[in-house]
$ cat run03.tsv   # TSV, C-alpha atoms
chain	number	residue	atom	x	y	z
A	1	MET	CA	-40.77	8.77	-50.09
A	2	SER	CA	-42.43	11.83	-51.59
A	3	GLU	CA	-43.49	12.36	-55.19
A	4	ALA	CA	-41.21	15.31	-55.83
A	5	GLY	CA	-37.99	13.35	-56.34
A	6	PRO	CA	-34.67	15.04	-55.69
A	7	ASP	CA	-32.16	15.10	-58.47
A	8	ALA	CA	-28.58	14.00	-58.07
A	9	VAL	CA	-27.16	17.52	-58.10
A	10	LEU	CA	-29.29	18.50	-55.15
A	11	LEU	CA	-28.26	15.31	-53.32
A	12	LEU	CA	-24.63	16.17	-54.01
A	13	ARG	CA	-25.08	19.63	-52.55
A	14	ILE	CA	-26.92	18.43	-49.49
A	15	TRP	CA	-24.47	15.63	-48.61
A	16	THR	CA	-21.50	17.93	-49.21
A	17	ARG	CA	-22.94	20.28	-46.63
A	18	ILE	CA	-23.70	17.43	-44.23
A	19	GLY	CA	-20.12	16.14	-44.57
A	20	LEU	CA	-18.46	19.51	-44.10
A	21	GLN	CA	-20.61	20.46	-41.12
A	22	SER	CA	-19.75	17.35	-39.24
A	23	PHE	CA	-16.50	18.11	-37.50
A	24	GLY	CA	-16.29	15.57	-34.72
A	25	GLY	CA	-17.53	12.53	-36.51
A	26	GLY	CA	-20.23	10.05	-37.26
A	27	GLN	CA	-22.86	10.97	-34.73
A	28	ALA	CA	-22.91	14.55	-35.97
A	29	VAL	CA	-23.30	13.30	-39.56
A	30	GLN	CA	-26.20	11.12	-38.50
A	31	LEU	CA	-27.90	14.05	-36.80
A	32	TYR	CA	-27.52	16.47	-39.72
A	33	ALA	CA	-28.56	13.91	-42.31
A	34	TYR	CA	-31.75	13.09	-40.40
A	35	GLU	CA	-32.65	16.77	-40.04
A	36	GLU	CA	-32.05	17.40	-43.71
A	37	LEU	CA	-33.59	14.32	-45.38
A	38	VAL	CA	-36.43	13.52	-42.98
A	39	ASP	CA	-37.37	16.73	-41.18
A	40	ARG	CA	-36.70	19.41	-43.79
A	41	ARG	CA	-37.04	17.82	-47.22
A	42	LYS	CA	-39.39	15.02	-46.18
A	43	TRP	CA	-37.87	12.74	-48.82
A	44	LEU	CA	-37.82	9.89	-46.34
A	45	ARG	CA	-40.18	8.98	-43.55
A	46	ALA	CA	-38.77	8.31	-40.08
A	47	GLU	CA	-39.52	4.60	-40.67
A	48	ASP	CA	-37.53	4.61	-43.94
A	49	TRP	CA	-34.65	6.17	-42.05
A	50	ALA	CA	-34.78	3.60	-39.25
A	51	GLU	CA	-34.96	0.74	-41.75
A	52	ALA	CA	-32.02	2.14	-43.68
A	53	TRP	CA	-29.92	2.21	-40.50
A	54	GLY	CA	-30.93	-1.35	-39.71
A	55	ILE	CA	-29.77	-2.52	-43.13
A	56	CYS	CA	-26.55	-0.52	-42.78
A	57	GLN	CA	-25.63	-2.47	-39.64
A	58	MET	CA	-25.47	-5.56	-41.87
A	59	VAL	CA	-22.75	-4.24	-44.16
A	60	PRO	CA	-19.13	-3.59	-43.24
A	61	GLY	CA	-17.44	-0.26	-42.80
A	62	VAL	CA	-18.46	3.30	-42.11
A	63	ASN	CA	-22.21	3.33	-41.37
A	64	VAL	CA	-22.79	6.89	-42.57
A	65	VAL	CA	-21.35	6.07	-45.99
A	66	ALA	CA	-23.76	3.14	-46.22
A	67	VAL	CA	-26.69	5.36	-45.19
A	68	ALA	CA	-25.71	7.92	-47.83
A	69	ALA	CA	-25.44	5.18	-50.47
A	70	LEU	CA	-28.73	3.51	-49.58
A	71	THR	CA	-30.82	6.66	-49.30
A	72	GLY	CA	-29.12	8.06	-52.42
A	73	TYR	CA	-30.00	4.88	-54.33
A	74	ARG	CA	-33.63	5.00	-53.23
A	75	LEU	CA	-33.99	8.64	-54.15
A	76	ALA	CA	-32.10	8.74	-57.47
A	77	GLY	CA	-30.61	5.36	-58.40
A	78	TRP	CA	-26.86	4.90	-58.98
A	79	ALA	CA	-26.48	8.58	-59.80
A	80	GLY	CA	-27.90	9.22	-56.34
A	81	VAL	CA	-25.31	6.87	-54.80
A	82	ALA	CA	-22.47	8.66	-56.56
A	83	ALA	CA	-23.85	12.08	-55.61
A	84	ALA	CA	-24.56	11.29	-51.96
A	85	VAL	CA	-21.36	9.34	-51.25
A	86	GLY	CA	-19.22	11.68	-53.35
A	87	GLY	CA	-20.65	14.72	-51.58
A	88	LEU	CA	-20.12	13.18	-48.17
A	89	ILE	CA	-16.61	11.89	-48.84
A	90	VAL	CA	-14.69	13.90	-51.46
A	91	PRO	CA	-14.53	17.36	-49.84
A	92	SER	CA	-13.91	15.82	-46.41
A	93	VAL	CA	-11.11	13.62	-47.77
A	94	LEU	CA	-9.43	16.63	-49.40
A	95	ILE	CA	-9.60	18.60	-46.16
A	96	THR	CA	-8.34	15.59	-44.18
A	97	VAL	CA	-5.34	15.27	-46.53
A	98	LEU	CA	-4.61	19.01	-46.30
A	99	MET	CA	-4.86	18.90	-42.51
A	100	THR	CA	-2.55	15.87	-42.37
A	101	ALA	CA	-0.04	17.55	-44.70
A	102	GLY	CA	-0.19	20.68	-42.53
A	103	PHE	CA	0.22	18.58	-39.41
A	104	VAL	CA	3.42	17.02	-40.77
A	105	HIS	CA	4.95	20.51	-40.96
A	106	ILE	CA	3.90	21.74	-37.52
A	107	ARG	CA	4.06	18.57	-35.45
A	108	ASP	CA	7.35	19.55	-33.87
A	109	LEU	CA	5.97	22.78	-32.43
A	110	GLY	CA	5.60	22.39	-28.69
A	111	TRP	CA	1.87	23.01	-28.31
A	112	VAL	CA	0.98	20.84	-31.29
A	113	GLY	CA	2.67	17.83	-29.72
A	114	THR	CA	1.17	18.36	-26.28
A	115	GLY	CA	-2.27	19.15	-27.69
A	116	LEU	CA	-2.14	16.00	-29.79
A	117	HIS	CA	-1.04	14.04	-26.73
A	118	GLY	CA	-4.15	15.21	-24.85
A	119	LEU	CA	-6.40	14.72	-27.88
A	120	VAL	CA	-5.26	11.13	-28.42
A	121	PHE	CA	-6.11	10.18	-24.83
A	122	ALA	CA	-9.46	11.97	-25.07
A	123	ALA	CA	-10.25	10.16	-28.34
A	124	ALA	CA	-9.25	6.86	-26.72
A	125	GLY	CA	-11.79	7.62	-23.99
A	126	GLY	CA	-14.31	8.36	-26.73
A	127	SER	CA	-13.68	4.94	-28.29
A	128	VAL	CA	-14.47	3.33	-24.94
A	129	MET	CA	-17.91	4.95	-25.04
A	130	VAL	CA	-18.43	3.99	-28.69
A	131	GLY	CA	-17.70	0.37	-27.73
A	132	TYR	CA	-19.97	0.53	-24.70
A	133	ARG	CA	-22.87	1.90	-26.74
A	134	LEU	CA	-22.47	-0.91	-29.25
A	135	ILE	CA	-22.16	-3.66	-26.64
A	136	ARG	CA	-25.12	-2.72	-24.45
A	137	PRO	CA	-27.98	-3.05	-26.95
A	138	LEU	CA	-26.44	-6.18	-28.49
A	139	LEU	CA	-26.23	-7.87	-25.08
A	140	GLY	CA	-29.88	-6.90	-24.60
A	141	ILE	CA	-30.84	-8.68	-27.81
A	142	SER	CA	-28.77	-11.73	-26.83
A	143	ARG	CA	-30.39	-11.85	-23.40
A	144	GLY	CA	-33.81	-11.88	-25.03
A	145	GLU	CA	-32.88	-14.97	-27.06
A	146	SER	CA	-31.35	-17.42	-24.59
A	147	ARG	CA	-29.02	-17.61	-21.64
A	148	LEU	CA	-26.47	-19.39	-23.81
A	149	THR	CA	-26.48	-16.56	-26.35
A	150	LEU	CA	-25.97	-14.01	-23.58
A	151	VAL	CA	-23.05	-15.98	-22.10
A	152	ALA	CA	-21.45	-16.44	-25.54
A	153	SER	CA	-21.85	-12.72	-26.28
A	154	VAL	CA	-20.17	-11.70	-23.02
A	155	VAL	CA	-17.39	-14.24	-23.62
A	156	VAL	CA	-16.79	-12.80	-27.12
A	157	VAL	CA	-16.42	-9.24	-25.80
A	158	VAL	CA	-14.10	-10.23	-22.93
A	159	VAL	CA	-11.94	-12.63	-24.94
A	160	ALA	CA	-11.61	-10.19	-27.86
A	161	ALA	CA	-10.58	-7.41	-25.45
A	162	LEU	CA	-8.00	-9.64	-23.70
A	163	LEU	CA	-6.54	-10.93	-26.97
A	164	ALA	CA	-6.31	-7.37	-28.31
A	165	LEU	CA	-4.47	-6.45	-25.09
A	166	GLY	CA	-1.97	-9.26	-25.58
A	167	GLY	CA	-1.63	-8.43	-29.27
A	168	ARG	CA	-0.09	-11.78	-30.28
A	169	VAL	CA	-3.06	-13.77	-31.58
A	170	PRO	CA	-4.04	-13.02	-35.21
A	171	LEU	CA	-7.09	-10.78	-34.86
A	172	LEU	CA	-8.46	-11.92	-38.21
A	173	ALA	CA	-9.02	-15.36	-36.68
A	174	VAL	CA	-10.51	-13.81	-33.54
A	175	LEU	CA	-13.05	-11.76	-35.51
A	176	LEU	CA	-14.07	-14.63	-37.77
A	177	GLY	CA	-14.22	-17.00	-34.78
A	178	ALA	CA	-16.45	-14.59	-32.88
A	179	GLY	CA	-18.79	-14.34	-35.87
A	180	ALA	CA	-18.89	-18.12	-36.30
A	181	LEU	CA	-19.52	-18.74	-32.58
A	182	LEU	CA	-22.46	-16.35	-32.43
A	183	ALA	CA	-23.81	-17.64	-35.75
A	184	ALA	CA	-23.89	-21.14	-34.23
A	185	VAL	CA	-25.32	-20.06	-30.89
A	186	VAL	CA	-28.01	-17.80	-32.35
A	187	THR	CA	-29.02	-20.61	-34.72
A	188	LEU	CA	-29.33	-22.97	-31.73
A	189	ALA	CA	-31.34	-20.43	-29.74
A	190	ASP	CA	-33.70	-20.13	-32.69
A	191	ARG	CA	-34.85	-23.74	-32.11
A	192	PRO	CA	-35.66	-23.64	-28.40
A	193	LEU	CA	-37.38	-27.03	-28.29
A	194	GLU	CA	-34.33	-29.07	-29.20
A	195	PRO	CA	-31.86	-30.08	-26.51
A	196	VAL	CA	-28.94	-27.70	-26.66
A	197	GLU	CA	-25.41	-28.99	-26.99
A	198	VAL	CA	-22.46	-26.76	-27.68
A	199	ALA	CA	-19.18	-28.01	-29.02
A	200	ARG	CA	-17.04	-25.05	-27.87
B	1	MET	CA	9.23	-0.04	-48.57
B	2	ILE	CA	5.47	-0.10	-48.86
B	3	ASP	CA	3.91	-2.12	-51.64
B	4	GLY	CA	0.82	-0.24	-52.80
B	5	LEU	CA	-1.25	-3.23	-53.80
B	6	THR	CA	-0.66	-5.03	-50.51
B	7	PHE	CA	-1.34	-1.82	-48.57
B	8	PHE	CA	-4.64	-1.42	-50.42
B	9	TRP	CA	-5.58	-5.03	-49.72
B	10	LEU	CA	-4.78	-4.74	-46.00
B	11	VAL	CA	-6.95	-1.63	-45.62
B	12	LEU	CA	-9.72	-3.19	-47.70
B	13	ARG	CA	-9.64	-6.46	-45.74
B	14	ALA	CA	-9.72	-4.68	-42.38
B	15	SER	CA	-12.61	-2.51	-43.60
B	16	LEU	CA	-14.54	-5.46	-45.02
B	17	LEU	CA	-14.35	-7.06	-41.56
B	18	SER	CA	-15.29	-3.92	-39.69
B	19	SER	CA	-18.33	-2.27	-38.33
B	20	GLY	CA	-18.32	1.48	-37.93
B	21	GLY	CA	-15.51	3.93	-38.62
B	22	LEU	CA	-13.03	2.59	-36.06
B	23	GLY	CA	-13.76	-1.08	-36.68
B	24	ASN	CA	-10.78	-1.52	-38.98
B	25	LEU	CA	-8.34	-0.28	-36.32
B	26	PRO	CA	-7.44	-3.58	-34.57
B	27	LEU	CA	-6.70	-5.57	-37.71
B	28	LEU	CA	-4.94	-2.72	-39.52
B	29	HIS	CA	-2.82	-1.96	-36.45
B	30	GLN	CA	-1.68	-5.57	-36.21
B	31	ASP	CA	-1.02	-5.93	-39.96
B	32	LEU	CA	0.86	-2.65	-40.52
B	33	LEU	CA	2.98	-2.89	-37.37
B	34	ALA	CA	3.96	-6.45	-38.23
B	35	ARG	CA	5.30	-5.21	-41.59
B	36	HIS	CA	6.89	-2.11	-40.01
B	37	TRP	CA	4.90	0.02	-42.45
B	38	ALA	CA	3.52	2.20	-39.68
B	39	ALA	CA	4.40	3.04	-36.09
B	40	ASP	CA	2.11	3.57	-33.11
B	41	ARG	CA	2.76	7.31	-33.45
B	42	ASP	CA	1.33	7.28	-36.97
B	43	PHE	CA	-1.81	5.60	-35.70
B	44	ALA	CA	-2.11	8.07	-32.81
B	45	SER	CA	-1.74	11.09	-35.10
B	46	ALA	CA	-4.11	9.71	-37.74
B	47	LEU	CA	-6.80	8.82	-35.18
B	48	ALA	CA	-6.56	12.31	-33.68
B	49	ILE	CA	-6.74	14.02	-37.10
B	50	GLY	CA	-9.71	11.81	-38.01
B	51	GLN	CA	-11.55	13.06	-34.94
B	52	VAL	CA	-10.93	16.70	-35.75
B	53	ALA	CA	-11.35	16.66	-39.53
B	54	PRO	CA	-14.81	16.95	-41.11
B	55	GLY	CA	-16.70	13.94	-42.43
B	56	PRO	CA	-17.11	10.49	-40.92
B	57	ASN	CA	-14.54	9.40	-38.31
B	58	GLY	CA	-13.72	6.51	-40.63
B	59	LEU	CA	-11.63	8.93	-42.68
B	60	TRP	CA	-8.88	8.58	-40.03
B	61	VAL	CA	-7.54	5.86	-42.35
B	62	VAL	CA	-7.02	8.50	-45.06
B	63	ALA	CA	-4.81	10.46	-42.65
B	64	LEU	CA	-2.93	7.23	-41.83
B	65	GLY	CA	-2.44	6.46	-45.52
B	66	PHE	CA	-1.05	9.93	-46.10
B	67	LEU	CA	1.31	9.77	-43.11
B	68	VAL	CA	2.87	6.44	-44.06
B	69	TYR	CA	2.60	6.45	-47.88
B	70	GLY	CA	1.90	10.01	-49.04
B	71	LEU	CA	-0.77	10.89	-51.59
B	72	PRO	CA	-0.93	7.35	-53.07
B	73	GLY	CA	-1.57	6.08	-49.55
B	74	ALA	CA	-4.36	8.60	-49.01
B	75	ALA	CA	-5.99	7.73	-52.35
B	76	LEU	CA	-5.75	3.96	-51.83
B	77	SER	CA	-7.11	4.27	-48.28
B	78	THR	CA	-10.04	6.37	-49.48
B	79	VAL	CA	-11.12	3.77	-52.03
B	80	ALA	CA	-10.56	0.86	-49.63
B	81	VAL	CA	-12.61	2.51	-46.90
B	82	VAL	CA	-15.49	3.75	-49.07
B	83	ALA	CA	-15.99	0.57	-51.12
B	84	PRO	CA	-17.19	-1.88	-48.40
B	85	PRO	CA	-20.22	0.16	-47.22
B	86	LEU	CA	-21.38	0.43	-50.85
B	87	LEU	CA	-22.31	-3.24	-50.53
B	88	VAL	CA	-25.41	-1.82	-48.89
B	89	VAL	CA	-27.09	-1.31	-52.26
B	90	PRO	CA	-27.17	-5.01	-53.26
B	91	VAL	CA	-27.66	-6.06	-49.62
B	92	GLY	CA	-30.59	-3.64	-49.33
B	93	ARG	CA	-32.38	-5.61	-52.05
B	94	LEU	CA	-31.67	-8.98	-50.44
B	95	HIS	CA	-32.25	-7.69	-46.93
B	96	LYS	CA	-35.80	-8.94	-46.52
B	97	ARG	CA	-34.81	-12.46	-47.56
B	98	TYR	CA	-31.59	-12.90	-45.56
B	99	ALA	CA	-31.80	-10.62	-42.54
B	100	GLY	CA	-33.99	-13.10	-40.73
B	101	ILE	CA	-31.57	-16.03	-40.99
B	102	PRO	CA	-30.23	-16.68	-37.48
B	103	ALA	CA	-26.71	-17.52	-38.68
B	104	VAL	CA	-26.46	-14.21	-40.56
B	105	ARG	CA	-27.72	-12.20	-37.60
B	106	GLY	CA	-25.44	-14.14	-35.28
B	107	PHE	CA	-22.34	-13.64	-37.42
B	108	VAL	CA	-22.86	-9.89	-37.69
B	109	ARG	CA	-23.51	-9.65	-33.94
B	110	GLY	CA	-20.46	-11.74	-33.02
B	111	LEU	CA	-18.19	-9.71	-35.28
B	112	THR	CA	-19.57	-6.44	-33.92
B	113	LEU	CA	-19.18	-7.57	-30.30
B	114	ALA	CA	-15.57	-8.66	-30.89
B	115	LEU	CA	-14.82	-5.29	-32.49
B	116	ALA	CA	-16.57	-3.37	-29.73
B	117	GLY	CA	-14.41	-5.22	-27.19
B	118	SER	CA	-11.10	-4.87	-29.02
B	119	VAL	CA	-11.27	-1.39	-30.60
B	120	PRO	CA	-11.05	0.55	-27.29
B	121	VAL	CA	-8.24	-1.75	-26.10
B	122	VAL	CA	-6.19	-1.18	-29.27
B	123	PHE	CA	-6.91	2.56	-29.16
B	124	LEU	CA	-5.68	2.75	-25.55
B	125	ARG	CA	-2.62	0.65	-26.49
B	126	VAL	CA	-1.81	3.04	-29.35
B	127	ALA	CA	-2.07	5.99	-26.95
B	128	TYR	CA	0.08	4.22	-24.34
B	129	SER	CA	2.74	3.07	-26.81
B	130	SER	CA	3.00	6.58	-28.27
B	131	TYR	CA	3.07	8.63	-25.09
B	132	GLY	CA	3.33	6.36	-22.06
B	133	LEU	CA	0.84	6.68	-19.26
B	134	ASP	CA	0.69	9.19	-16.43
B	135	TRP	CA	-1.99	10.60	-14.15
B	136	LEU	CA	-2.94	13.38	-16.56
B	137	GLY	CA	-3.39	10.94	-19.44
B	138	ALA	CA	-5.50	8.60	-17.34
B	139	GLY	CA	-7.47	11.59	-16.07
B	140	ILE	CA	-8.19	12.81	-19.61
B	141	VAL	CA	-9.46	9.33	-20.59
B	142	ALA	CA	-11.72	9.16	-17.53
B	143	LEU	CA	-12.98	12.72	-17.98
B	144	THR	CA	-13.83	12.16	-21.65
B	145	VAL	CA	-15.69	8.93	-20.85
B	146	ALA	CA	-17.69	10.74	-18.15
B	147	LEU	CA	-18.48	13.75	-20.35
B	148	ILE	CA	-19.66	11.64	-23.30
B	149	ALA	CA	-21.61	9.30	-21.01
B	150	SER	CA	-23.45	12.32	-19.54
B	151	ARG	CA	-24.65	13.24	-23.06
B	152	ARG	CA	-24.60	16.90	-22.04
B	153	VAL	CA	-21.50	17.90	-23.95
B	154	PRO	CA	-20.97	17.63	-27.71
B	155	ILE	CA	-18.23	15.10	-28.43
B	156	ILE	CA	-16.10	17.68	-30.22
B	157	ALA	CA	-16.13	19.81	-27.03
B	158	ALA	CA	-14.99	16.85	-24.92
B	159	LEU	CA	-12.13	16.23	-27.37
B	160	ALA	CA	-11.18	19.92	-27.40
B	161	LEU	CA	-11.04	19.86	-23.61
B	162	GLY	CA	-8.66	16.88	-23.75
B	163	ALA	CA	-6.38	18.73	-26.19
B	164	THR	CA	-6.47	21.86	-24.01
B	165	LEU	CA	-5.58	19.89	-20.90
B	166	GLY	CA	-2.71	18.34	-22.85
B	167	ILE	CA	-1.36	21.76	-23.87
B	168	ALA	CA	-1.73	23.08	-20.32
B	169	GLY	CA	-0.34	20.00	-18.58
B	170	TYR	CA	2.47	18.66	-20.77
B	171	ARG	CA	4.89	21.55	-21.12
$ encode --input "run03.tsv" --output "structure tokens"
Amino acid sequence: MSEAGPDAVLLLRIWTRIGLQSFGGGQAVQLYAYEELVDRRKWLRAEDWAEAWGICQMVPGVNVVAVAALTGYRLAGWAGVAAAVGGLIVPSVLITVLMTAGFVHIRDLGWVGTGLHGLVFAAAGGSVMVGYRLIRPLLGISRGESRLTLVASVVVVVVAALLALGGRVPLLAVLLGAGALLAAVVTLADRPLEPVEVAR
Amino acid sequence: MIDGLTFFWLVLRASLLSSGGLGNLPLLHQDLLARHWAADRDFASALAIGQVAPGPNGLWVVALGFLVYGLPGAALSTVAVVAPPLLVVPVGRLHKRYAGIPAVRGFVRGLTLALAGSVPVVFLRVAYSSYGLDWLGAGIVALTVALIASRRVPIIAALALGATLGIAGYR
């Protein structure tokens, strides 16, 4: 972090711009925020940025909001959090609401319906890639720990996908069960010298 | 009739147990459909608007809230979706102490893996339930996957191509 601290108003302006520029989602936000905070303003070093992202994987929800909150806090305290998150979210939320309200009025026009039809399938394809890019590095980490962890990780992905396909099992239980299973297995893998026994 | 407090809690719970902007989709889809508070079409429209609108993709929930519950729905969704990532500030302080605990790492990884496996499935189910499946739809999915995997095309361009193919193909 540099000596010349940013004030909250500047943070608000910067994150507003980052939010409004990022049509097309999270990855674009990530890109713009890095360029602005690390490359241009040099408020954060590349290592600070990487560490912030690591921490943000540990908390739930939208990662970019967490990155805005964390970097805002480090640069200007709670005022920085409010400025960064408010700038990122408020204008974008207003535009999203206006777009949705507009959509309600035009959704019966022929090209709107067919365009949306195509867009939904394209976005579904996009979600496949988002999932793939999450799964691959995590399986890599699991493989580095133990064979059991790798097997459990693959089982979690496959079982969660199948149960989501069926749609009958309460997904809350599936998510918590997946977390508990990996918590147990990773804990076991952490003590490689003990004989490994798994209950499930 | 939607009860605002319950709606808020459902969005908040799904977001607390999510990772990334789409992570709350599977749980929210199951919860809202079970109560008949939203239809697959609402999810399809909201997810599409979330892709096109500025800001993080996670704001798709704001579009969903507006579609099913008007302005109160949009406001409640916004708060419920923005609050969980703010936990990063206290967690950031405790990070050094707890991040190394295997059970913590394992839980986060298991949750993320389960979401990464189920989110695409639910997304495809929403698309299928809303529109059915034909060759063009399957082709658009495959094309988008290939374009994004190639990393040569901005995501927004791949999505725009899907919308264009839809307009051209589904008259």
$ closest_residue --input "run03.tsv" --among "B:Leu133, B:Leu32, B:Ala114, B:Leu25" --to "chain A" --atoms "all atoms listed in the file"
B:Ala114
$ atom_distance --input "run03.tsv" --atom1 "atom CA of B:Ala149" --atom2 "atom CA of A:Cys56"
24.4 Å
$ residues_near_point --input "run03.tsv" --point "(-19.0, 3.0, -39.5)" --cutoff "6 Å" --atoms "all atoms listed in the file" --output "JSON list (two decimals) with C-alpha atoms, keeping the file's coordinate frame"
[["chain", "number", "residue", "atom", "x", "y", "z"],
["A", 61, "GLY", "CA", -17.44, -0.26, -42.80],
["A", 62, "VAL", "CA", -18.46, 3.30, -42.11],
["A", 63, "ASN", "CA", -22.21, 3.33, -41.37],
["B", 19, "SER", "CA", -18.33, -2.27, -38.33],
["B", 20, "GLY", "CA", -18.32, 1.48, -37.93],
["B", 21, "GLY", "CA", -15.51, 3.93, -38.62]]
$ interface_residues --input "run03.tsv" --of "chain A" --to "chain B" --cutoff "6 Å" --atoms "all atoms listed in the file" --output "PyMOL selection string"
chain A and resi 19-20+22-26+59-63+66+70+92+96+100+111+114-115+118-122+124-125+127-128+131+156-157+160-161+164+171+175+178-180+182-183+186-187
$ atom_distance --input "run03.tsv" --atom1 "atom CA of A:Ala189" --atom2 "atom CA of A:Met58"
20.1 Å
$ residues_near_point --input "run03.tsv" --point "(-22.0, -7.3, -24.7)" --cutoff "8 Å" --atoms "all atoms listed in the file" --output "NGL selection string"
(:A and (134-140 or 150 or 153-154 or 156-157)) or (:B and (113))
$ atom_distance --input "run03.tsv" --atom1 "atom CA of A:Gly87" --atom2 "atom CA of A:Arg13"
6.7 Å
